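Here's the structure we're looking at; comments come further down.
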Amino acid sequence: MHNVVFVLGPPGSGKGTICAKIQENLNYVHLSAGDLLRAERQREGSEFGALIESHIRNGSIVPVEITCSLLENAMKASGDAKGFLVDGFPRNEDNLQGWNKQMNGKAFIQFVLFLSCPVPICIERCLNRGQGRTDDNEESLKKRVETYNQQTFPIIEHFKKSELAREVKSERPVDEVYADVVNVFNEANKQK
Ligand SMILES: Nc1ncnc2c1ncn2[C@@H]1O[C@H](COP(=O)(O)OP(=O)(O)O)[C@@H](O)[C@H]1O
Ligand SMILES: O=c1ccn([C@@H]2O[C@H](COP(=O)(O)OP(=O)(O)O)[C@@H](O)[C@H]2O)c(=O)[nH]1
Ligand SMILES: [Mg+2]
């Protein structure tokens with residue numbers, strides 16, 4: 001049974017940055033759904049490359065069958081780990097239902113880390129991210145924020161209702177955000 005922590009928040013809220021630090025220090029394996037999709041987009045012979053690229057440029061969400069299989073394969077390939085940080089997923093109802101169907105009995109959601117950050121700061125961060133991404137531009141970001149507000153925030157609300165969400169405000173400097181995130185993980189692992 002894979003132990004999973006979903007890491008959610010608007011684009012630019014710091015999910016990848018924080019997950020990398022957690023992976024380094026707390027023995028969780030970081031799986032960025034976005035990175036897995038970008039790798040699949042480039043993979044020689046992938047039948048989903050064009051579909052993934054159009055969703056990424058559009059800030060829309062790739063069908064869960066594709067993303068969930070990439071995540072499950074990555075967890076299988078990773079071998080034993082204290083847990084998996086599933087970064088940037090689930091992003092909508094289709095993702096959540098698809099995960100529940102495909103991963104039922106195979107994964108346990110320990111909790112959901114929600115990095116909350118004002119949108120203008122998020123946009124600024126993405127525009128300065130400098131990773132040469134095809135979706136870090138004004139046009140794509142506008143759509144990504146709309147997708148986040150319309151489709152992803154309701155998923156966060158769902159996890160809040162089931163008392164699985166742990167919110168950390170992430171407009172502060174990385175070290176301050178990370179210190180609070182460590183406390184959330186320590187608290188969650190104490191309860192195990
Ligand atoms: N707390 C923070 N303060 C300032 N910049 C940050 C902070 N967290 C992340 N960043 C920067 O903002 C950009 C987006 O961070 P990233 O971790 O990629 O966010 P996400 O994965 O949520 O899109 C990166 O350039 C990163 O270095
Ligand atoms: O589970 C996922 C994760 C990402 N994406 C797509 O990949 C893009 C980039 O996601 P990522 O998490 O890398 O963006 P970030 O929030 O880190 O800026 C999203 O806008 C979506 O188009 C998706 O469709 N499903
Ligand atoms: Mg990211």
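Letters A, B, ... mark the chains of the structure tokens in the order given; residue numbers begin at 1 per chain; ligand numbers begin at 1, in order shown.
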
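With the cut-off set to 7 Å and only C-alpha atoms and all ligand atoms counted, the residues surrounding ligand 1 are Gly9, Pro10, Pro11, Gly12, Ser13, Gly14, Lys15, Gly16, Thr17, Ile18, Arg125, Cys126, Asn128, Arg129, Gly130, Ser170, Glu171, Arg172, Pro173, Val174 and Val177 of chain A.
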
**OP:** Tell me which protein, DNA and RNA residues are within 12 Å of A:Asp35, counting only C-alpha atoms, leaving out same-chain ones fewer than 3 positions away, and put them as a ChimeraX atom specification.
**Re:** /A:16,30-32,38-42,52,56,67,70-71,74,86-89,131,133

Taking N, CA and C atoms for each residue, export the selection above as a PDB file, in the first residue's frame.
```
ATOM      1  N   GLY A  16       6.696  22.472  -6.190  1.00  0.00           N
ATOM      2  CA  GLY A  16       7.912  21.757  -6.594  1.00  0.00           C
ATOM      3  C   GLY A  16       9.081  22.056  -5.670  1.00  0.00           C
ATOM      4  N   HIS A  30       9.455  12.437  -4.257  1.00  0.00           N
ATOM      5  CA  HIS A  30       8.718  13.498  -4.937  1.00  0.00           C
ATOM      6  C   HIS A  30       8.317  13.056  -6.348  1.00  0.00           C
ATOM      7  N   LEU A  31       7.023  13.000  -6.586  1.00  0.00           N
ATOM      8  CA  LEU A  31       6.537  12.704  -7.941  1.00  0.00           C
ATOM      9  C   LEU A  31       5.731  13.911  -8.417  1.00  0.00           C
ATOM     10  N   SER A  32       6.306  14.692  -9.339  1.00  0.00           N
ATOM     11  CA  SER A  32       5.574  15.829  -9.905  1.00  0.00           C
ATOM     12  C   SER A  32       4.772  15.326 -11.101  1.00  0.00           C
ATOM     13  N   ARG A  38       5.377  16.047 -18.749  1.00  0.00           N
ATOM     14  CA  ARG A  38       6.310  16.677 -19.687  1.00  0.00           C
ATOM     15  C   ARG A  38       7.297  15.638 -20.216  1.00  0.00           C
ATOM     16  N   ALA A  39       7.658  14.683 -19.389  1.00  0.00           N
ATOM     17  CA  ALA A  39       8.572  13.621 -19.845  1.00  0.00           C
ATOM     18  C   ALA A  39       7.852  12.726 -20.855  1.00  0.00           C
ATOM     19  N   GLU A  40       6.605  12.419 -20.588  1.00  0.00           N
ATOM     20  CA  GLU A  40       5.820  11.573 -21.515  1.00  0.00           C
ATOM     21  C   GLU A  40       5.617  12.284 -22.843  1.00  0.00           C
ATOM     22  N   ARG A  41       5.451  13.592 -22.760  1.00  0.00           N
ATOM     23  CA  ARG A  41       5.265  14.420 -23.972  1.00  0.00           C
ATOM     24  C   ARG A  41       6.479  14.253 -24.890  1.00  0.00           C
ATOM     25  N   GLN A  42       7.680  14.145 -24.264  1.00  0.00           N
ATOM     26  CA  GLN A  42       8.933  14.063 -25.056  1.00  0.00           C
ATOM     27  C   GLN A  42       9.260  12.622 -25.452  1.00  0.00           C
ATOM     28  N   ILE A  52      -0.956  15.916 -24.600  1.00  0.00           N
ATOM     29  CA  ILE A  52      -0.401  16.502 -23.357  1.00  0.00           C
ATOM     30  C   ILE A  52       0.033  17.933 -23.616  1.00  0.00           C
ATOM     31  N   ILE A  56      -1.232  21.323 -21.737  1.00  0.00           N
ATOM     32  CA  ILE A  56      -0.296  22.155 -20.955  1.00  0.00           C
ATOM     33  C   ILE A  56      -0.349  23.602 -21.435  1.00  0.00           C
ATOM     34  N   THR A  67      -2.493  10.380 -16.620  1.00  0.00           N
ATOM     35  CA  THR A  67      -1.691  10.865 -15.487  1.00  0.00           C
ATOM     36  C   THR A  67      -1.581   9.835 -14.379  1.00  0.00           C
ATOM     37  N   LEU A  70       0.881   7.112 -15.183  1.00  0.00           N
ATOM     38  CA  LEU A  70       2.276   7.595 -15.042  1.00  0.00           C
ATOM     39  C   LEU A  70       2.667   7.612 -13.560  1.00  0.00           C
ATOM     40  N   LEU A  71       1.737   8.054 -12.717  1.00  0.00           N
ATOM     41  CA  LEU A  71       2.020   8.123 -11.278  1.00  0.00           C
ATOM     42  C   LEU A  71       2.187   6.715 -10.692  1.00  0.00           C
ATOM     43  N   ALA A  74       5.431   5.191 -11.711  1.00  0.00           N
ATOM     44  CA  ALA A  74       6.559   5.823 -11.006  1.00  0.00           C
ATOM     45  C   ALA A  74       6.649   5.313  -9.567  1.00  0.00           C
ATOM     46  N   VAL A  86       2.802  13.418  -4.086  1.00  0.00           N
ATOM     47  CA  VAL A  86       2.201  13.533  -5.431  1.00  0.00           C
ATOM     48  C   VAL A  86       1.889  15.004  -5.641  1.00  0.00           C
ATOM     49  N   ASP A  87       2.770  15.645  -6.412  1.00  0.00           N
ATOM     50  CA  ASP A  87       2.808  17.105  -6.566  1.00  0.00           C
ATOM     51  C   ASP A  87       1.958  17.545  -7.760  1.00  0.00           C
ATOM     52  N   GLY A  88       0.906  18.314  -7.470  1.00  0.00           N
ATOM     53  CA  GLY A  88       0.127  18.922  -8.556  1.00  0.00           C
ATOM     54  C   GLY A  88      -0.973  18.026  -9.090  1.00  0.00           C
ATOM     55  N   PHE A  89      -1.407  17.097  -8.272  1.00  0.00           N
ATOM     56  CA  PHE A  89      -2.467  16.157  -8.639  1.00  0.00           C
ATOM     57  C   PHE A  89      -3.174  15.732  -7.347  1.00  0.00           C
ATOM     58  N   GLN A 131      12.399  28.349 -16.463  1.00  0.00           N
ATOM     59  CA  GLN A 131      12.634  26.927 -16.797  1.00  0.00           C
ATOM     60  C   GLN A 131      12.278  26.653 -18.256  1.00  0.00           C
ATOM     61  N   ARG A 133       9.486  26.851 -19.794  1.00  0.00           N
ATOM     62  CA  ARG A 133       8.244  26.074 -19.983  1.00  0.00           C
ATOM     63  C   ARG A 133       7.316  26.758 -20.965  1.00  0.00           C
TER      64      ARG A 133
END
```

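The smallest atom-to-atom distance between A:Val182 and any of A:Val168, A:Ile121, A:Ala107, A:Leu8, using only C-alpha atoms, is found for A:Val168.
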
Please, which residues of stretch 17-85 of chain A, numbered as in this document, come out strand (DSSP E or B) from DSSP, as a JSON list (two decimals) with N, CA, C and O atoms, in the first residue's frame?
```
[["chain", "number", "residue", "atom", "x", "y", "z"],
["A", 28, "TYR", "N", 10.63, 11.14, 1.78],
["A", 28, "TYR", "CA", 9.47, 10.94, 0.89],
["A", 28, "TYR", "C", 9.99, 11.09, -0.54],
["A", 28, "TYR", "O", 10.92, 11.85, -0.78],
["A", 29, "VAL", "N", 9.37, 10.37, -1.46],
["A", 29, "VAL", "CA", 9.78, 10.46, -2.87],
["A", 29, "VAL", "C", 8.86, 11.46, -3.58],
["A", 29, "VAL", "O", 7.64, 11.35, -3.50],
["A", 30, "HIS", "N", 9.45, 12.44, -4.26],
["A", 30, "HIS", "CA", 8.72, 13.50, -4.94],
["A", 30, "HIS", "C", 8.32, 13.06, -6.35],
["A", 30, "HIS", "O", 9.19, 12.75, -7.17],
["A", 31, "LEU", "N", 7.02, 13.00, -6.59],
["A", 31, "LEU", "CA", 6.54, 12.70, -7.94],
["A", 31, "LEU", "C", 5.73, 13.91, -8.42],
["A", 31, "LEU", "O", 4.61, 14.14, -7.95],
["A", 32, "SER", "N", 6.31, 14.69, -9.34],
["A", 32, "SER", "CA", 5.57, 15.83, -9.90],
["A", 32, "SER", "C", 4.77, 15.33, -11.10],
["A", 32, "SER", "O", 5.35, 14.87, -12.10],
["A", 83, "GLY", "N", 6.96, 7.38, 1.84],
["A", 83, "GLY", "CA", 5.74, 7.91, 1.24],
["A", 83, "GLY", "C", 6.07, 8.63, -0.06],
["A", 83, "GLY", "O", 7.24, 8.83, -0.39],
["A", 84, "PHE", "N", 5.02, 8.98, -0.78],
["A", 84, "PHE", "CA", 5.18, 9.66, -2.05],
["A", 84, "PHE", "C", 4.51, 11.04, -1.98],
["A", 84, "PHE", "O", 3.36, 11.14, -1.50],
["A", 85, "LEU", "N", 5.25, 12.05, -2.41],
["A", 85, "LEU", "CA", 4.66, 13.39, -2.52],
["A", 85, "LEU", "C", 4.11, 13.49, -3.93],
["A", 85, "LEU", "O", 4.88, 13.58, -4.90]]
```

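Restricting the calculation to only C-alpha atoms, the smallest distance between A:Asn189 and any of A:Ala77, A:Ala50, A:Leu26, A:Ala20 is found for A:Leu26.
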
Neighbours of A:Met1 within 10 Å (only C-alpha atoms; same-chain residues fewer than 3 positions away dropped), as a PDB file with N, CA and C atoms, in the first residue's frame?
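Output file part.pdb is given in full below:
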```pdb
ATOM      1  N   VAL A   4       0.606   8.155   0.510  1.00  0.00           N
ATOM      2  CA  VAL A   4       0.648   9.296  -0.415  1.00  0.00           C
ATOM      3  C   VAL A   4       0.261  10.592   0.284  1.00  0.00           C
ATOM      4  N   ASP A  80      10.350   0.687  -2.293  1.00  0.00           N
ATOM      5  CA  ASP A  80       9.801   1.078  -0.995  1.00  0.00           C
ATOM      6  C   ASP A  80      10.201   2.507  -0.612  1.00  0.00           C
ATOM      7  N   GLY A  83       6.958   7.383   1.835  1.00  0.00           N
ATOM      8  CA  GLY A  83       5.736   7.909   1.244  1.00  0.00           C
ATOM      9  C   GLY A  83       6.068   8.628  -0.060  1.00  0.00           C
ATOM     10  N   MET A 103      -6.602   3.461  -7.893  1.00  0.00           N
ATOM     11  CA  MET A 103      -5.661   3.238  -6.785  1.00  0.00           C
ATOM     12  C   MET A 103      -6.342   2.674  -5.547  1.00  0.00           C
ATOM     13  N   ASN A 104      -7.612   2.365  -5.667  1.00  0.00           N
ATOM     14  CA  ASN A 104      -8.336   1.801  -4.513  1.00  0.00           C
ATOM     15  C   ASN A 104      -7.619   0.531  -4.008  1.00  0.00           C
ATOM     16  N   GLY A 105      -7.274   0.539  -2.702  1.00  0.00           N
ATOM     17  CA  GLY A 105      -6.590  -0.640  -2.167  1.00  0.00           C
ATOM     18  C   GLY A 105      -5.090  -0.657  -2.439  1.00  0.00           C
ATOM     19  N   LYS A 106      -4.622   0.331  -3.241  1.00  0.00           N
ATOM     20  CA  LYS A 106      -3.182   0.341  -3.558  1.00  0.00           C
ATOM     21  C   LYS A 106      -2.479   1.559  -2.984  1.00  0.00           C
ATOM     22  N   ALA A 107      -3.282   2.573  -2.587  1.00  0.00           N
ATOM     23  CA  ALA A 107      -2.660   3.800  -2.053  1.00  0.00           C
ATOM     24  C   ALA A 107      -3.514   4.348  -0.927  1.00  0.00           C
ATOM     25  N   PHE A 108      -2.821   4.931   0.062  1.00  0.00           N
ATOM     26  CA  PHE A 108      -3.476   5.523   1.241  1.00  0.00           C
ATOM     27  C   PHE A 108      -3.113   7.000   1.276  1.00  0.00           C
TER      28      PHE A 108
END
```
